[in-house]
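Q: Next comes the structure file data32.pdb, holding PDB, C-alpha atoms and all ligand atoms.
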```pdb
ATOM      1  CA  MET A   1      22.938   0.393  30.361  1.00  0.00           C
ATOM      2  CA  LEU A   2      20.489  -2.357  29.394  1.00  0.00           C
ATOM      3  CA  LYS A   3      21.084  -3.304  25.778  1.00  0.00           C
ATOM      4  CA  LEU A   4      17.949  -4.482  23.943  1.00  0.00           C
ATOM      5  CA  VAL A   5      17.303  -6.474  20.814  1.00  0.00           C
ATOM      6  CA  VAL A   6      13.642  -6.150  19.797  1.00  0.00           C
ATOM      7  CA  CYS A   7      12.149  -8.912  17.616  1.00  0.00           C
ATOM      8  CA  VAL A   8       9.128  -8.031  15.479  1.00  0.00           C
ATOM      9  CA  SER A   9       6.943  -9.425  12.693  1.00  0.00           C
ATOM     10  CA  GLY A  10       4.462  -6.712  11.783  1.00  0.00           C
ATOM     11  CA  GLY A  11       3.398  -3.138  12.331  1.00  0.00           C
ATOM     12  CA  GLY A  12       5.696  -2.522  15.255  1.00  0.00           C
ATOM     13  CA  THR A  13       3.456  -0.298  17.385  1.00  0.00           C
ATOM     14  CA  ASN A  14       4.916  -1.903  20.497  1.00  0.00           C
ATOM     15  CA  LEU A  15       8.412  -1.227  19.170  1.00  0.00           C
ATOM     16  CA  GLN A  16       7.343   2.395  18.644  1.00  0.00           C
ATOM     17  CA  ALA A  17       6.051   2.574  22.220  1.00  0.00           C
ATOM     18  CA  ILE A  18       9.480   1.402  23.423  1.00  0.00           C
ATOM     19  CA  LEU A  19      11.380   3.896  21.243  1.00  0.00           C
ATOM     20  CA  ASP A  20       9.115   6.773  22.337  1.00  0.00           C
ATOM     21  CA  ALA A  21       9.439   5.829  25.996  1.00  0.00           C
ATOM     22  CA  VAL A  22      13.243   5.796  25.707  1.00  0.00           C
ATOM     23  CA  ASP A  23      13.166   9.223  24.011  1.00  0.00           C
ATOM     24  CA  ARG A  24      10.823  10.654  26.671  1.00  0.00           C
ATOM     25  CA  GLY A  25      12.925   9.241  29.491  1.00  0.00           C
ATOM     26  CA  ASP A  26      10.143   6.954  30.703  1.00  0.00           C
ATOM     27  CA  ILE A  27      12.527   4.062  30.094  1.00  0.00           C
ATOM     28  CA  THR A  28      15.943   4.833  31.595  1.00  0.00           C
ATOM     29  CA  ASN A  29      19.365   3.120  31.420  1.00  0.00           C
ATOM     30  CA  THR A  30      18.356   1.446  28.160  1.00  0.00           C
ATOM     31  CA  GLU A  31      19.399   1.451  24.515  1.00  0.00           C
ATOM     32  CA  VAL A  32      17.855  -0.391  21.580  1.00  0.00           C
ATOM     33  CA  ALA A  33      20.782  -2.006  19.762  1.00  0.00           C
ATOM     34  CA  ALA A  34      18.825  -3.633  16.929  1.00  0.00           C
ATOM     35  CA  VAL A  35      15.432  -4.617  15.584  1.00  0.00           C
ATOM     36  CA  ILE A  36      15.145  -8.076  14.016  1.00  0.00           C
ATOM     37  CA  SER A  37      12.190  -9.073  11.844  1.00  0.00           C
ATOM     38  CA  ASN A  38      11.317 -12.389  10.205  1.00  0.00           C
ATOM     39  CA  ASN A  39       9.187 -10.472   7.722  1.00  0.00           C
ATOM     40  CA  PRO A  40      10.921  -8.289   5.101  1.00  0.00           C
ATOM     41  CA  ASN A  41       7.762  -6.171   4.730  1.00  0.00           C
ATOM     42  CA  ALA A  42       7.237  -5.471   8.411  1.00  0.00           C
ATOM     43  CA  TYR A  43       6.551  -1.769   8.944  1.00  0.00           C
ATOM     44  CA  ALA A  44       8.494  -2.176  12.185  1.00  0.00           C
ATOM     45  CA  LEU A  45      11.687  -2.158  10.065  1.00  0.00           C
ATOM     46  CA  GLU A  46      10.738   1.347   8.804  1.00  0.00           C
ATOM     47  CA  ARG A  47      10.254   2.470  12.370  1.00  0.00           C
ATOM     48  CA  ALA A  48      13.751   1.207  13.237  1.00  0.00           C
ATOM     49  CA  LYS A  49      15.231   2.991  10.223  1.00  0.00           C
ATOM     50  CA  ASN A  50      13.452   6.244  11.116  1.00  0.00           C
ATOM     51  CA  HIS A  51      15.116   5.995  14.502  1.00  0.00           C
ATOM     52  CA  ASP A  52      18.616   5.244  13.131  1.00  0.00           C
ATOM     53  CA  ILE A  53      18.522   1.789  14.627  1.00  0.00           C
ATOM     54  CA  ALA A  54      19.790  -1.283  12.779  1.00  0.00           C
ATOM     55  CA  GLY A  55      16.817  -3.126  11.263  1.00  0.00           C
ATOM     56  CA  ILE A  56      17.580  -6.644  10.105  1.00  0.00           C
ATOM     57  CA  CYS A  57      15.417  -9.206   8.363  1.00  0.00           C
ATOM     58  CA  ILE A  58      16.114 -12.859   8.908  1.00  0.00           C
ATOM     59  CA  SER A  59      13.394 -15.171   7.654  1.00  0.00           C
ATOM     60  CA  PRO A  60      12.956 -18.969   7.864  1.00  0.00           C
ATOM     61  CA  LYS A  61      12.283 -18.778   4.097  1.00  0.00           C
ATOM     62  CA  GLN A  62      15.941 -17.879   3.478  1.00  0.00           C
ATOM     63  CA  PHE A  63      17.086 -21.228   4.918  1.00  0.00           C
ATOM     64  CA  GLU A  64      16.948 -24.859   3.850  1.00  0.00           C
ATOM     65  CA  ASP A  65      15.482 -26.097   7.096  1.00  0.00           C
ATOM     66  CA  ARG A  66      14.359 -24.911  10.493  1.00  0.00           C
ATOM     67  CA  ASP A  67      17.583 -25.882  12.250  1.00  0.00           C
ATOM     68  CA  SER A  68      19.652 -23.695   9.927  1.00  0.00           C
ATOM     69  CA  PHE A  69      17.282 -20.770  10.515  1.00  0.00           C
ATOM     70  CA  ASN A  70      17.319 -21.294  14.288  1.00  0.00           C
ATOM     71  CA  LYS A  71      21.120 -21.324  14.321  1.00  0.00           C
ATOM     72  CA  ALA A  72      21.441 -18.194  12.153  1.00  0.00           C
ATOM     73  CA  PHE A  73      18.742 -16.374  14.130  1.00  0.00           C
ATOM     74  CA  LEU A  74      20.442 -17.083  17.461  1.00  0.00           C
ATOM     75  CA  GLU A  75      23.829 -16.039  16.034  1.00  0.00           C
ATOM     76  CA  LYS A  76      22.311 -12.784  14.783  1.00  0.00           C
ATOM     77  CA  VAL A  77      20.766 -11.996  18.164  1.00  0.00           C
ATOM     78  CA  ASN A  78      24.003 -12.935  19.972  1.00  0.00           C
ATOM     79  CA  SER A  79      26.044 -10.686  17.685  1.00  0.00           C
ATOM     80  CA  TYR A  80      24.524  -7.666  19.489  1.00  0.00           C
ATOM     81  CA  GLN A  81      25.260  -9.134  22.941  1.00  0.00           C
ATOM     82  CA  PRO A  82      21.900  -7.994  24.308  1.00  0.00           C
ATOM     83  CA  ASP A  83      21.081  -7.947  28.011  1.00  0.00           C
ATOM     84  CA  LEU A  84      17.409  -8.372  27.160  1.00  0.00           C
ATOM     85  CA  VAL A  85      15.558  -9.713  24.116  1.00  0.00           C
ATOM     86  CA  VAL A  86      12.079  -8.227  23.678  1.00  0.00           C
ATOM     87  CA  LEU A  87       9.502 -10.118  21.610  1.00  0.00           C
ATOM     88  CA  ALA A  88       7.179  -7.331  20.455  1.00  0.00           C
ATOM     89  CA  GLY A  89       4.677  -9.070  18.208  1.00  0.00           C
ATOM     90  CA  PHE A  90       7.239 -11.646  17.043  1.00  0.00           C
ATOM     91  CA  LEU A  91       5.351 -14.565  15.535  1.00  0.00           C
ATOM     92  CA  VAL A  92       8.170 -17.090  15.214  1.00  0.00           C
ATOM     93  CA  VAL A  93       8.639 -20.049  17.562  1.00  0.00           C
ATOM     94  CA  ILE A  94      11.756 -19.348  19.612  1.00  0.00           C
ATOM     95  CA  PRO A  95      14.441 -22.076  19.329  1.00  0.00           C
ATOM     96  CA  GLU A  96      14.934 -24.058  22.546  1.00  0.00           C
ATOM     97  CA  LEU A  97      18.634 -23.294  22.673  1.00  0.00           C
ATOM     98  CA  MET A  98      17.820 -19.598  22.656  1.00  0.00           C
ATOM     99  CA  ILE A  99      15.266 -20.001  25.448  1.00  0.00           C
ATOM    100  CA  LYS A 100      17.988 -21.613  27.591  1.00  0.00           C
ATOM    101  CA  GLU A 101      20.569 -18.999  26.706  1.00  0.00           C
ATOM    102  CA  TYR A 102      18.211 -16.105  27.433  1.00  0.00           C
ATOM    103  CA  ARG A 103      16.355 -17.508  30.449  1.00  0.00           C
ATOM    104  CA  ASN A 104      14.979 -14.573  32.465  1.00  0.00           C
ATOM    105  CA  ARG A 105      16.520 -12.278  29.824  1.00  0.00           C
ATOM    106  CA  MET A 106      13.786 -12.541  27.170  1.00  0.00           C
ATOM    107  CA  ILE A 107      10.295 -11.057  27.524  1.00  0.00           C
ATOM    108  CA  ASN A 108       7.121 -11.224  25.441  1.00  0.00           C
ATOM    109  CA  ILE A 109       4.002  -9.068  25.220  1.00  0.00           C
ATOM    110  CA  HIS A 110       0.741 -11.004  24.844  1.00  0.00           C
ATOM    111  CA  PRO A 111      -2.604  -9.279  24.180  1.00  0.00           C
ATOM    112  CA  SER A 112      -4.721 -10.993  26.882  1.00  0.00           C
ATOM    113  CA  LEU A 113      -4.694 -11.634  30.594  1.00  0.00           C
ATOM    114  CA  ILE A 114      -2.716 -14.897  30.710  1.00  0.00           C
ATOM    115  CA  PRO A 115      -3.790 -17.687  31.331  1.00  0.00           C
ATOM    116  CA  SER A 116      -6.852 -16.682  29.270  1.00  0.00           C
ATOM    117  CA  PHE A 117      -6.668 -16.747  25.468  1.00  0.00           C
ATOM    118  CA  CYS A 118      -3.035 -17.760  25.172  1.00  0.00           C
ATOM    119  CA  GLY A 119      -0.941 -20.694  23.978  1.00  0.00           C
ATOM    120  CA  THR A 120      -0.637 -22.221  20.526  1.00  0.00           C
ATOM    121  CA  GLY A 121      -2.824 -20.519  17.915  1.00  0.00           C
ATOM    122  CA  TYR A 122      -3.554 -17.443  20.025  1.00  0.00           C
ATOM    123  CA  TYR A 123      -1.802 -14.482  18.461  1.00  0.00           C
ATOM    124  CA  GLY A 124      -2.724 -11.054  17.126  1.00  0.00           C
ATOM    125  CA  LEU A 125      -6.366 -10.583  16.170  1.00  0.00           C
ATOM    126  CA  LYS A 126      -7.205 -14.229  16.961  1.00  0.00           C
ATOM    127  CA  VAL A 127      -6.814 -13.484  20.662  1.00  0.00           C
ATOM    128  CA  HIS A 128      -9.432 -10.738  20.524  1.00  0.00           C
ATOM    129  CA  GLU A 129     -11.786 -12.819  18.352  1.00  0.00           C
ATOM    130  CA  ALA A 130     -11.639 -15.556  20.991  1.00  0.00           C
ATOM    131  CA  ALA A 131     -12.224 -13.104  23.840  1.00  0.00           C
ATOM    132  CA  LEU A 132     -15.301 -11.680  22.104  1.00  0.00           C
ATOM    133  CA  ALA A 133     -16.587 -15.169  21.196  1.00  0.00           C
ATOM    134  CA  ARG A 134     -16.362 -16.170  24.885  1.00  0.00           C
ATOM    135  CA  GLY A 135     -18.091 -12.986  25.934  1.00  0.00           C
ATOM    136  CA  VAL A 136     -15.581 -11.879  28.564  1.00  0.00           C
ATOM    137  CA  LYS A 137     -16.190  -8.423  29.992  1.00  0.00           C
ATOM    138  CA  VAL A 138     -12.552  -7.764  30.883  1.00  0.00           C
ATOM    139  CA  THR A 139      -9.455  -8.597  28.884  1.00  0.00           C
ATOM    140  CA  GLY A 140      -6.015  -6.972  28.830  1.00  0.00           C
ATOM    141  CA  ALA A 141      -2.355  -7.638  28.208  1.00  0.00           C
ATOM    142  CA  THR A 142       0.526  -9.476  29.877  1.00  0.00           C
ATOM    143  CA  VAL A 143       4.296  -9.081  29.831  1.00  0.00           C
ATOM    144  CA  HIS A 144       6.100 -12.271  30.800  1.00  0.00           C
ATOM    145  CA  PHE A 145       9.488 -13.930  30.611  1.00  0.00           C
ATOM    146  CA  VAL A 146       9.788 -16.556  27.896  1.00  0.00           C
ATOM    147  CA  ASP A 147      10.198 -20.194  28.889  1.00  0.00           C
ATOM    148  CA  GLU A 148       9.855 -23.484  27.001  1.00  0.00           C
ATOM    149  CA  GLY A 149       6.036 -23.330  26.826  1.00  0.00           C
ATOM    150  CA  THR A 150       3.857 -21.012  24.750  1.00  0.00           C
ATOM    151  CA  ASP A 151       2.938 -18.025  26.949  1.00  0.00           C
ATOM    152  CA  THR A 152       3.731 -20.007  30.114  1.00  0.00           C
ATOM    153  CA  GLY A 153       6.705 -18.065  31.512  1.00  0.00           C
ATOM    154  CA  PRO A 154       6.834 -16.006  34.720  1.00  0.00           C
ATOM    155  CA  ILE A 155       4.438 -13.034  34.577  1.00  0.00           C
ATOM    156  CA  ILE A 156       5.944  -9.584  35.132  1.00  0.00           C
ATOM    157  CA  LEU A 157       3.042  -7.155  34.583  1.00  0.00           C
ATOM    158  CA  GLN A 158      -0.617  -7.348  33.583  1.00  0.00           C
ATOM    159  CA  GLN A 159      -3.086  -4.590  32.750  1.00  0.00           C
ATOM    160  CA  PRO A 160      -6.863  -5.141  32.489  1.00  0.00           C
ATOM    161  CA  VAL A 161      -8.991  -3.499  29.773  1.00  0.00           C
ATOM    162  CA  MET A 162     -12.821  -3.369  29.651  1.00  0.00           C
ATOM    163  CA  VAL A 163     -14.644  -4.991  26.735  1.00  0.00           C
ATOM    164  CA  LYS A 164     -17.559  -2.992  25.299  1.00  0.00           C
ATOM    165  CA  ALA A 165     -20.836  -4.416  23.973  1.00  0.00           C
ATOM    166  CA  ASP A 166     -20.295  -3.323  20.369  1.00  0.00           C
ATOM    167  CA  ASP A 167     -16.591  -4.173  20.119  1.00  0.00           C
ATOM    168  CA  THR A 168     -15.201  -5.761  16.974  1.00  0.00           C
ATOM    169  CA  PRO A 169     -11.908  -7.672  17.216  1.00  0.00           C
ATOM    170  CA  GLU A 170     -10.134  -4.709  15.574  1.00  0.00           C
ATOM    171  CA  ILE A 171     -11.622  -2.137  17.961  1.00  0.00           C
ATOM    172  CA  LEU A 172     -10.799  -4.301  20.978  1.00  0.00           C
ATOM    173  CA  GLN A 173      -7.263  -4.924  19.713  1.00  0.00           C
ATOM    174  CA  ARG A 174      -6.668  -1.176  19.430  1.00  0.00           C
ATOM    175  CA  ARG A 175      -8.038  -0.504  22.945  1.00  0.00           C
ATOM    176  CA  VAL A 176      -5.856  -3.276  24.431  1.00  0.00           C
ATOM    177  CA  MET A 177      -2.819  -1.791  22.713  1.00  0.00           C
ATOM    178  CA  GLU A 178      -3.565   1.789  23.808  1.00  0.00           C
ATOM    179  CA  GLN A 179      -4.643   1.068  27.370  1.00  0.00           C
ATOM    180  CA  ALA A 180      -2.389  -1.870  28.152  1.00  0.00           C
ATOM    181  CA  GLU A 181       0.378  -3.031  25.777  1.00  0.00           C
ATOM    182  CA  TRP A 182       1.974   0.322  25.005  1.00  0.00           C
ATOM    183  CA  LYS A 183       2.123   1.031  28.745  1.00  0.00           C
ATOM    184  CA  ILE A 184       3.188  -2.213  30.389  1.00  0.00           C
ATOM    185  CA  LEU A 185       5.829  -3.246  27.840  1.00  0.00           C
ATOM    186  CA  PRO A 186       7.876  -0.032  28.274  1.00  0.00           C
ATOM    187  CA  GLN A 187       7.214  -0.141  32.023  1.00  0.00           C
ATOM    188  CA  ALA A 188       8.500  -3.719  32.297  1.00  0.00           C
ATOM    189  CA  ILE A 189      11.667  -2.804  30.384  1.00  0.00           C
ATOM    190  CA  ASP A 190      12.287   0.181  32.656  1.00  0.00           C
ATOM    191  CA  LEU A 191      11.789  -1.984  35.751  1.00  0.00           C
ATOM    192  CA  ILE A 192      14.230  -4.603  34.430  1.00  0.00           C
ATOM    193  CA  ALA A 193      16.752  -1.920  33.413  1.00  0.00           C
ATOM    194  CA  ASN A 194      16.680  -0.577  36.936  1.00  0.00           C
ATOM    195  CA  GLY A 195      17.066  -3.914  38.705  1.00  0.00           C
ATOM    196  CA  LYS A 196      13.504  -4.030  40.012  1.00  0.00           C
ATOM    197  CA  VAL A 197      12.431  -7.413  38.660  1.00  0.00           C
ATOM    198  CA  LYS A 198      13.416 -10.691  40.267  1.00  0.00           C
ATOM    199  CA  VAL A 199      12.351 -14.206  39.231  1.00  0.00           C
ATOM    200  CA  ILE A 200      11.802 -16.598  42.124  1.00  0.00           C
ATOM    201  CA  ASP A 201      12.014 -20.369  41.499  1.00  0.00           C
ATOM    202  CA  GLY A 202      11.628 -19.808  37.760  1.00  0.00           C
ATOM    203  CA  LYS A 203       7.899 -19.217  38.348  1.00  0.00           C
ATOM    204  CA  SER A 204       6.881 -16.025  40.039  1.00  0.00           C
ATOM    205  CA  VAL A 205       8.231 -12.545  39.665  1.00  0.00           C
ATOM    206  CA  ILE A 206       8.738  -9.946  42.347  1.00  0.00           C
ATOM    207  CA  VAL A 207       8.375  -6.431  41.009  1.00  0.00           C
ATOM    208  CA  ASP A 208       9.704  -3.657  43.200  1.00  0.00           C
ATOM    209  CA  VAL A 209       7.693  -0.608  42.035  1.00  0.00           C
TER     210      VAL A 209
HETATM  211  C1  LIG A 301       0.447  -7.066  19.540  1.00  0.00           C
HETATM  212  O1  LIG A 301      -0.908  -6.946  19.854  1.00  0.00           O
HETATM  213  C2  LIG A 301       1.092  -8.142  20.387  1.00  0.00           C
HETATM  214  O2  LIG A 301       0.588  -8.201  21.686  1.00  0.00           O
HETATM  215  C3  LIG A 301       0.710  -9.385  19.618  1.00  0.00           C
HETATM  216  O3  LIG A 301       0.899  -9.013  18.261  1.00  0.00           O
HETATM  217  C4  LIG A 301       0.636  -7.605  18.123  1.00  0.00           C
HETATM  218  C5  LIG A 301       1.803  -6.954  17.416  1.00  0.00           C
HETATM  219  O4  LIG A 301       1.514  -5.611  17.110  1.00  0.00           O
HETATM  220  N1  LIG A 301       1.514 -10.496  19.991  1.00  0.00           N
HETATM  221  C6  LIG A 301       1.017 -11.739  20.081  1.00  0.00           C
HETATM  222  O5  LIG A 301      -0.126 -12.031  19.800  1.00  0.00           O
HETATM  223  C7  LIG A 301       2.018 -12.794  20.558  1.00  0.00           C
HETATM  224  N2  LIG A 301       1.347 -13.992  20.935  1.00  0.00           N
HETATM  225  P1  LIG A 301       2.660  -4.566  16.783  1.00  0.00           P
HETATM  226  O6  LIG A 301       3.527  -5.167  15.678  1.00  0.00           O
HETATM  227  O7  LIG A 301       1.936  -3.343  16.313  1.00  0.00           O
HETATM  228  O8  LIG A 301       3.460  -4.312  18.038  1.00  0.00           O
END
```
Here is a file; write its structure as structure tokens.

A:
Amino acid sequence: MLKLVVCVSGGGTNLQAILDAVDRGDITNTEVAAVISNNPNAYALERAKNHDIAGICISPKQFEDRDSFNKAFLEKVNSYQPDLVVLAGFLVVIPELMIKEYRNRMINIHPSLIPSFCGTGYYGLKVHEAALARGVKVTGATVHFVDEGTDTGPIILQQPVMVKADDTPEILQRRVMEQAEWKILPQAIDLIANGKVKVIDGKSVIVDV
């Protein structure tokens, strides 16, 4: 049984997609042990509660300095002994120690086709604003393992999504979620839970679908 900790900061639609996929049996051999948010007002915490899953808030604002937060955050995650940490719209920089400890055991969903529109400063709506400003005709989403860089880890799954002429960032964001994120994040978890994902040389991923 793959034990997950899901880290969130906002609405939690990706968390919901995971919970629904577990309930439907689209994700097998998996349980969500806890949901951790840095934001006390994240609706994702409601979603956890509605599902009888522990929802915890741990915010950098509760600590004197970043090191103290990083230490407490890692301890909190470790307390659930997860097999996989899922960053589902988690907008906090992951401490380096945690990246080492969870190498190839921590995944992130990013709302573009990496390496486009990713890295520092590209998160949430900003990603879609940048895609529209550049005039790309295809965008999408990526699930990848987390390494020391920002959005640079081994790619597990990607799903393209068409951009339409009259898209606003909000409309495009919704389409990318519906057609890509809510599908490939649960799919990646199911593949990992069933031993079908292998990282080669810390760079590329072989997916046995
Ligand atoms: C999602 O679009 C996710 O891909 C993005 O934040 C949103 C969270 O929505 N993550 C990033 O931009 C990370 N760089 P949600 O809270 O409804 O799942």

Q: Mind checking which residues fall within 9 Å of A:Gln16, counting only C-alpha atoms, ignoring those fewer than 6 positions away in the same chain, and posting them as a ChimeraX atom specification?

A: /A:44,47-48,182

Q: Starting from the PyMOL selection byres (((chain A and resi 84-99) around 8) and not hetatm), expand the selection into actual residues of this file and give them as an mmCIF file with C-alpha atoms, in the coordinates of the input.

A:
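Written out: result.cif:
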```
data_model
loop_
_atom_site.group_PDB
_atom_site.id
_atom_site.type_symbol
_atom_site.label_atom_id
_atom_site.label_comp_id
_atom_site.auth_asym_id
_atom_site.auth_seq_id
_atom_site.Cartn_x
_atom_site.Cartn_y
_atom_site.Cartn_z
ATOM 1 C CA LEU A 2 20.489 -2.357 29.394
ATOM 2 C CA LYS A 3 21.084 -3.304 25.778
ATOM 3 C CA LEU A 4 17.949 -4.482 23.943
ATOM 4 C CA VAL A 5 17.303 -6.474 20.814
ATOM 5 C CA VAL A 6 13.642 -6.150 19.797
ATOM 6 C CA CYS A 7 12.149 -8.912 17.616
ATOM 7 C CA VAL A 8 9.128 -8.031 15.479
ATOM 8 C CA SER A 9 6.943 -9.425 12.693
ATOM 9 C CA GLY A 10 4.462 -6.712 11.783
ATOM 10 C CA GLY A 12 5.696 -2.522 15.255
ATOM 11 C CA ASN A 14 4.916 -1.903 20.497
ATOM 12 C CA LEU A 15 8.412 -1.227 19.170
ATOM 13 C CA SER A 37 12.190 -9.073 11.844
ATOM 14 C CA ASN A 38 11.317 -12.389 10.205
ATOM 15 C CA ASN A 70 17.319 -21.294 14.288
ATOM 16 C CA LEU A 74 20.442 -17.083 17.461
ATOM 17 C CA PRO A 82 21.900 -7.994 24.308
ATOM 18 C CA ASP A 83 21.081 -7.947 28.011
ATOM 19 C CA LYS A 100 17.988 -21.613 27.591
ATOM 20 C CA GLU A 101 20.569 -18.999 26.706
ATOM 21 C CA TYR A 102 18.211 -16.105 27.433
ATOM 22 C CA ARG A 103 16.355 -17.508 30.449
ATOM 23 C CA ARG A 105 16.520 -12.278 29.824
ATOM 24 C CA MET A 106 13.786 -12.541 27.170
ATOM 25 C CA ILE A 107 10.295 -11.057 27.524
ATOM 26 C CA ASN A 108 7.121 -11.224 25.441
ATOM 27 C CA ILE A 109 4.002 -9.068 25.220
ATOM 28 C CA HIS A 110 0.741 -11.004 24.844
ATOM 29 C CA TYR A 123 -1.802 -14.482 18.461
ATOM 30 C CA GLY A 124 -2.724 -11.054 17.126
ATOM 31 C CA VAL A 146 9.788 -16.556 27.896
ATOM 32 C CA ASP A 147 10.198 -20.194 28.889
ATOM 33 C CA GLU A 148 9.855 -23.484 27.001
#
```

Q: Counting all atoms listed in the file, figure out which residue out of A:Thr30, A:Thr150, A:Thr139, A:Ser59 gets nearest to ligand LIG 301 (chain A).

A: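 Result for the nearest residue to ligand LIG 301 (chain A): A:Thr150.
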
Q: Using all atoms listed in the file, which residue out of A:Arg175, A:Lys61, A:Arg24, A:Lys126 lies closest to A:Gln159?

A: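 Checking each of A:Arg175, A:Lys61, A:Arg24, A:Lys126 against A:Gln159, counting all atoms listed in the file, the winner is A:Arg175.
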
Q: So which residues get picked by the PyMOL selection byres (((chain A and resi 55) around 6) and not hetatm) here, written as a list in words?

A: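 What the PyMOL selection byres (((chain A and resi 55) around 6) and not hetatm) grabs from the file is Val35, Ile36, Leu45, Ala48, Ala54 and Ile56 of chain A.
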
Q: What gap, in Å, lies between atom CA of A:Arg66 and atom CA of A:Gly202?

A: 27.9 Å

Q: Rank A:Asp208, A:Asp166, A:Asp190, A:Glu129 by their smallest atom-to-atom distance to ligand LIG 301 (chain A), using all atoms listed in the file, and report the top residue only.

A: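 Looking only at the distances to ligand LIG 301 (chain A), the closest residue turns out to be A:Glu129.
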
Q: Taking into account only C-alpha atoms, which residue in the set A:Lys196, A:Ala130, A:Phe117, A:Pro111 is nearest to A:Val161?

A: A:Pro111

Q: Between atom CA of A:Ser116 and atom C5 of ligand LIG 301 (chain A), measure the distance and give it in Å to one decimal.

A: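 A separation of 17.6 Å between them.
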
Q: Between atom CA of A:Asp20 and atom CA of A:Ile171, measure the distance and give it in Å to one decimal.

A: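 Computed distance, atom CA of A:Asp20 to atom CA of A:Ile171, equals 23.0 Å.
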